[in-house]
$ cat structure.csv   # CSV, C-alpha atoms
chain,number,residue,atom,x,y,z
M,30,MET,CA,117.8,34.2,28.7
M,31,TRP,CA,120.3,34.2,31.6
M,32,LYS,CA,122.7,36.6,29.8
M,33,TRP,CA,122.2,39.1,32.6
M,34,LEU,CA,123.8,36.7,35.1
M,35,ALA,CA,126.9,36.2,33.0
M,36,ASN,CA,127.3,39.9,32.3
M,37,ILE,CA,127.3,40.8,36.0
M,38,PHE,CA,130.7,39.2,36.3
M,39,ALA,CA,132.0,40.3,32.8
M,40,PRO,CA,134.8,42.8,32.6
M,41,THR,CA,133.7,46.4,31.8
M,42,LYS,CA,134.6,47.3,28.2
M,43,GLY,CA,133.7,51.0,28.4
M,44,ASN,CA,130.3,52.5,28.1
M,45,LEU,CA,129.0,52.2,24.6
M,46,TYR,CA,125.8,53.9,25.7
M,47,LYS,CA,127.3,57.0,27.3
M,48,GLY,CA,125.2,60.1,26.8
M,49,ARG,CA,121.9,58.2,27.0
M,50,SER,CA,119.4,59.6,29.5
M,51,VAL,CA,118.3,57.8,32.7
M,52,LEU,CA,115.7,58.9,35.1
M,53,VAL,CA,116.2,57.7,38.7
M,54,VAL,CA,113.1,57.6,40.9
M,55,ASP,CA,113.6,56.9,44.6
M,56,ASP,CA,112.1,58.5,47.7
M,57,SER,CA,115.4,58.0,49.6
M,58,PRO,CA,117.7,61.0,48.9
M,59,VAL,CA,120.8,58.9,49.9
M,60,GLU,CA,120.0,56.0,47.5
M,61,ARG,CA,118.9,58.4,44.7
M,62,GLU,CA,122.2,60.2,45.0
M,63,PHE,CA,124.2,57.0,45.0
M,64,TYR,CA,122.5,55.7,41.8
M,65,THR,CA,122.8,59.1,40.2
M,66,ARG,CA,126.5,59.5,40.9
M,67,SER,CA,127.2,55.9,39.8
M,68,LEU,CA,125.5,56.5,36.5
M,69,ILE,CA,127.0,59.9,35.9
M,70,LYS,CA,130.4,58.4,36.5
M,71,ALA,CA,129.6,55.9,33.7
M,72,GLU,CA,128.8,58.9,31.5
M,73,PHE,CA,125.0,58.7,31.3
M,74,ASN,CA,122.9,61.8,31.4
M,75,VAL,CA,121.0,61.4,34.7
M,76,SER,CA,118.1,63.2,36.3
M,77,GLY,CA,116.4,62.3,39.6
M,78,ALA,CA,112.9,62.4,41.0
M,79,GLU,CA,111.9,61.9,44.6
M,80,ASN,CA,108.5,60.3,43.8
M,81,ALA,CA,106.5,58.8,41.0
M,82,SER,CA,104.3,61.9,40.5
M,83,GLN,CA,107.4,64.2,40.1
M,84,ALA,CA,108.8,61.6,37.7
M,85,LEU,CA,105.7,61.6,35.5
M,86,GLU,CA,105.9,65.4,35.2
M,87,MET,CA,109.6,65.2,34.2
M,88,ILE,CA,108.8,62.5,31.6
M,89,ARG,CA,106.2,64.7,30.0
M,90,SER,CA,108.8,67.5,29.5
M,91,ARG,CA,111.8,65.3,28.6
M,92,ARG,CA,111.4,61.6,27.8
M,93,PRO,CA,114.3,59.6,29.2
M,94,ASP,CA,115.8,56.6,27.5
M,95,LEU,CA,115.5,54.4,30.6
M,96,ILE,CA,113.8,54.6,34.0
M,97,ILE,CA,115.2,53.2,37.3
M,98,SER,CA,112.6,53.2,40.0
M,99,ASP,CA,112.2,52.2,43.6
M,100,TYR,CA,109.3,49.7,44.0
M,101,MET,CA,108.1,50.8,47.4
M,102,MET,CA,107.5,54.5,47.6
M,103,PRO,CA,104.9,56.6,49.5
M,104,GLY,CA,102.0,57.9,47.4
M,105,MET,CA,102.1,56.3,44.0
M,106,ASN,CA,104.2,53.1,44.3
M,107,GLY,CA,106.5,51.8,41.7
M,108,LYS,CA,104.0,49.3,40.4
M,109,GLU,CA,101.4,52.0,39.8
M,110,PHE,CA,104.0,54.2,38.2
M,111,CYS,CA,105.2,51.5,35.9
M,112,VAL,CA,101.6,50.7,34.8
M,113,GLN,CA,101.1,54.4,33.9
M,114,ILE,CA,104.3,54.4,31.9
M,115,LYS,CA,103.5,51.2,30.0
M,116,GLU,CA,99.9,52.1,29.3
M,117,ASP,CA,100.9,55.4,27.6
M,118,PRO,CA,101.7,54.9,23.9
M,119,VAL,CA,104.2,57.8,24.1
M,120,THR,CA,106.2,56.2,26.9
M,121,ASN,CA,105.5,52.4,26.8
M,122,SER,CA,108.8,51.6,25.0
M,123,ILE,CA,110.9,53.1,27.8
M,124,PRO,CA,112.6,50.3,29.7
M,125,VAL,CA,111.8,50.3,33.5
M,126,ILE,CA,114.2,48.7,36.0
M,127,PHE,CA,112.9,48.3,39.5
M,128,LEU,CA,115.3,48.5,42.5
M,129,THR,CA,113.8,47.3,45.8
M,130,GLY,CA,114.7,46.0,49.2
M,131,SER,CA,112.0,43.4,48.9
M,132,ALA,CA,112.9,40.1,47.2
M,133,SER,CA,109.7,38.3,47.9
M,134,SER,CA,108.4,36.2,45.0
M,135,LYS,CA,105.1,38.1,45.2
M,136,ASP,CA,106.8,41.5,44.7
M,137,VAL,CA,109.0,40.2,41.9
M,138,LEU,CA,106.0,38.8,40.1
M,139,GLU,CA,104.1,42.1,40.5
M,140,CYS,CA,107.0,44.0,39.1
M,141,PHE,CA,107.0,42.0,35.9
M,142,GLN,CA,103.2,42.0,35.7
M,143,ALA,CA,103.3,45.8,35.8
M,144,GLY,CA,105.6,45.8,32.8
M,145,ALA,CA,109.0,46.1,34.3
M,146,ASP,CA,111.9,45.1,32.2
M,147,ASN,CA,114.1,44.1,35.1
M,148,TYR,CA,114.1,43.8,38.8
M,149,LEU,CA,117.2,44.3,41.0
M,150,ALA,CA,117.4,43.7,44.7
M,151,LYS,CA,118.9,46.3,47.0
M,152,PRO,CA,121.6,46.8,48.1
M,153,ILE,CA,123.3,47.0,44.7
M,154,ASP,CA,126.8,48.1,44.0
M,155,ALA,CA,127.6,50.7,41.4
M,156,LYS,CA,129.3,48.3,38.9
M,157,THR,CA,126.3,46.0,38.8
M,158,LEU,CA,123.9,48.8,38.4
M,159,VAL,CA,125.8,50.3,35.4
M,160,ARG,CA,126.1,46.8,33.8
M,161,GLN,CA,122.4,46.2,34.2
M,162,VAL,CA,121.6,49.6,32.6
M,163,CYS,CA,124.0,48.9,29.7
M,164,MET,CA,122.4,45.5,29.2
M,165,ALA,CA,118.9,47.2,29.1
M,166,PHE,CA,120.2,49.5,26.4
M,167,GLU,CA,121.8,46.6,24.5
M,168,ASP,CA,118.5,44.7,24.6
M,169,MET,CA,116.6,47.8,23.4
M,170,ASP,CA,119.0,48.3,20.5
M,171,SER,CA,118.8,44.7,19.5
M,172,ALA,CA,115.0,44.8,19.5
M,173,LYS,CA,115.1,47.9,17.3
M,174,LYS,CA,117.5,46.2,14.9
M,175,SER,CA,115.4,43.1,14.6
M,176,GLY,CA,112.2,45.2,14.2
M,177,SER,CA,110.5,44.0,17.3
$ encode --input "structure.csv" --output "structure tokens"
Amino acid sequence: MWKWLANIFAPTKGNLYKGRSVLVVDDSPVEREFYTRSLIKAEFNVSGAENASQALEMIRSRRPDLIISDYMMPGMNGKEFCVQIKEDPVTNSIPVIFLTGSASSKDVLECFQAGADNYLAKPIDAKTLVRQVCMAFEDMDSAKKSGS
């Protein structure tokens, strides 16, 4: 259950998941660029969206393997975005990781109630972000192998 905590400090063994697609959704161009560059450096295929509406359009044309989304965005917020993803049978298996500056227990609970697979507090360093994305892929692959 707490595997994620141990893996934060584990040495990097290379990216076994390189080439997988990640969609980064964040209304901050600076943060979106940081996450995108960090993931590209780790050899993921990354695309970015500046809001949830744009992200939904992108998902319809090319389904990503994983979504990283800001929680607090203008217009459709991350919670509403995640609910739409998880209610759609075509997209409900896509892991969603929230990144947010709010670490209130209410917000964390709302993230998981909306269907998020993980919640990471900002600021986050590139190494931790990449490890968390790799762990999400590892969990996804394990679930497929076990037939869940």
$ closest_residue --input "structure.csv" --among "M:Val125, M:Val54, M:Ala81, M:Ala172" --to "M:Tyr148" --atoms "all atoms listed in the file"
M:Val125
$ atom_distance --input "structure.csv" --atom1 "atom CA of M:Ala165" --atom2 "atom CA of M:Ser82"
23.6 Å
$ atom_distance --input "structure.csv" --atom1 "atom CA of M:Lys156" --atom2 "atom CA of M:Pro124"
19.2 Å
$ atom_distance --input "structure.csv" --atom1 "atom CA of M:Leu45" --atom2 "atom CA of M:Ile69"
13.8 Å
$ closest_residue --input "structure.csv" --among "M:Leu95, M:Ala132, M:Val53, M:Val112" --to "M:Met164" --atoms "all atoms listed in the file"
M:Leu95
$ residues_around --input "structure.csv" --residues "M:Ser50" --least-positions-apart "2" --cutoff "7 Å" --atoms "all atoms listed in the file" --output "mmCIF file with C-alpha atoms, keeping the file's coordinate frame"
data_model
loop_
_atom_site.group_PDB
_atom_site.id
_atom_site.type_symbol
_atom_site.label_atom_id
_atom_site.label_comp_id
_atom_site.auth_asym_id
_atom_site.auth_seq_id
_atom_site.Cartn_x
_atom_site.Cartn_y
_atom_site.Cartn_z
ATOM 1 C CA GLY M 48 125.200 60.100 26.800
ATOM 2 C CA LEU M 52 115.700 58.900 35.100
ATOM 3 C CA PHE M 73 125.000 58.700 31.300
ATOM 4 C CA ASN M 74 122.900 61.800 31.400
ATOM 5 C CA VAL M 75 121.000 61.400 34.700
ATOM 6 C CA PRO M 93 114.300 59.600 29.200
ATOM 7 C CA ASP M 94 115.800 56.600 27.500
ATOM 8 C CA LEU M 95 115.500 54.400 30.600
#
$ closest_residue --input "structure.csv" --among "M:Ser134, M:Ser122, M:Asn80, M:Ser98" --to "M:Tyr64" --atoms "all atoms listed in the file"
M:Ser98
$ closest_residue --input "structure.csv" --among "M:Asp170, M:Ser67, M:Ser57, M:Ala84" --to "M:Met102" --atoms "only C-alpha atoms"
M:Ser57
$ closest_residue --input "structure.csv" --among "M:Phe63, M:Phe110, M:Tyr46, M:Tyr100" --to "M:Asn147" --atoms "all atoms listed in the file"
M:Tyr100
$ closest_residue --input "structure.csv" --among "M:Leu68, M:Ile123, M:Cys111, M:Ala143" --to "M:Asp168" --atoms "only C-alpha atoms"
M:Ile123
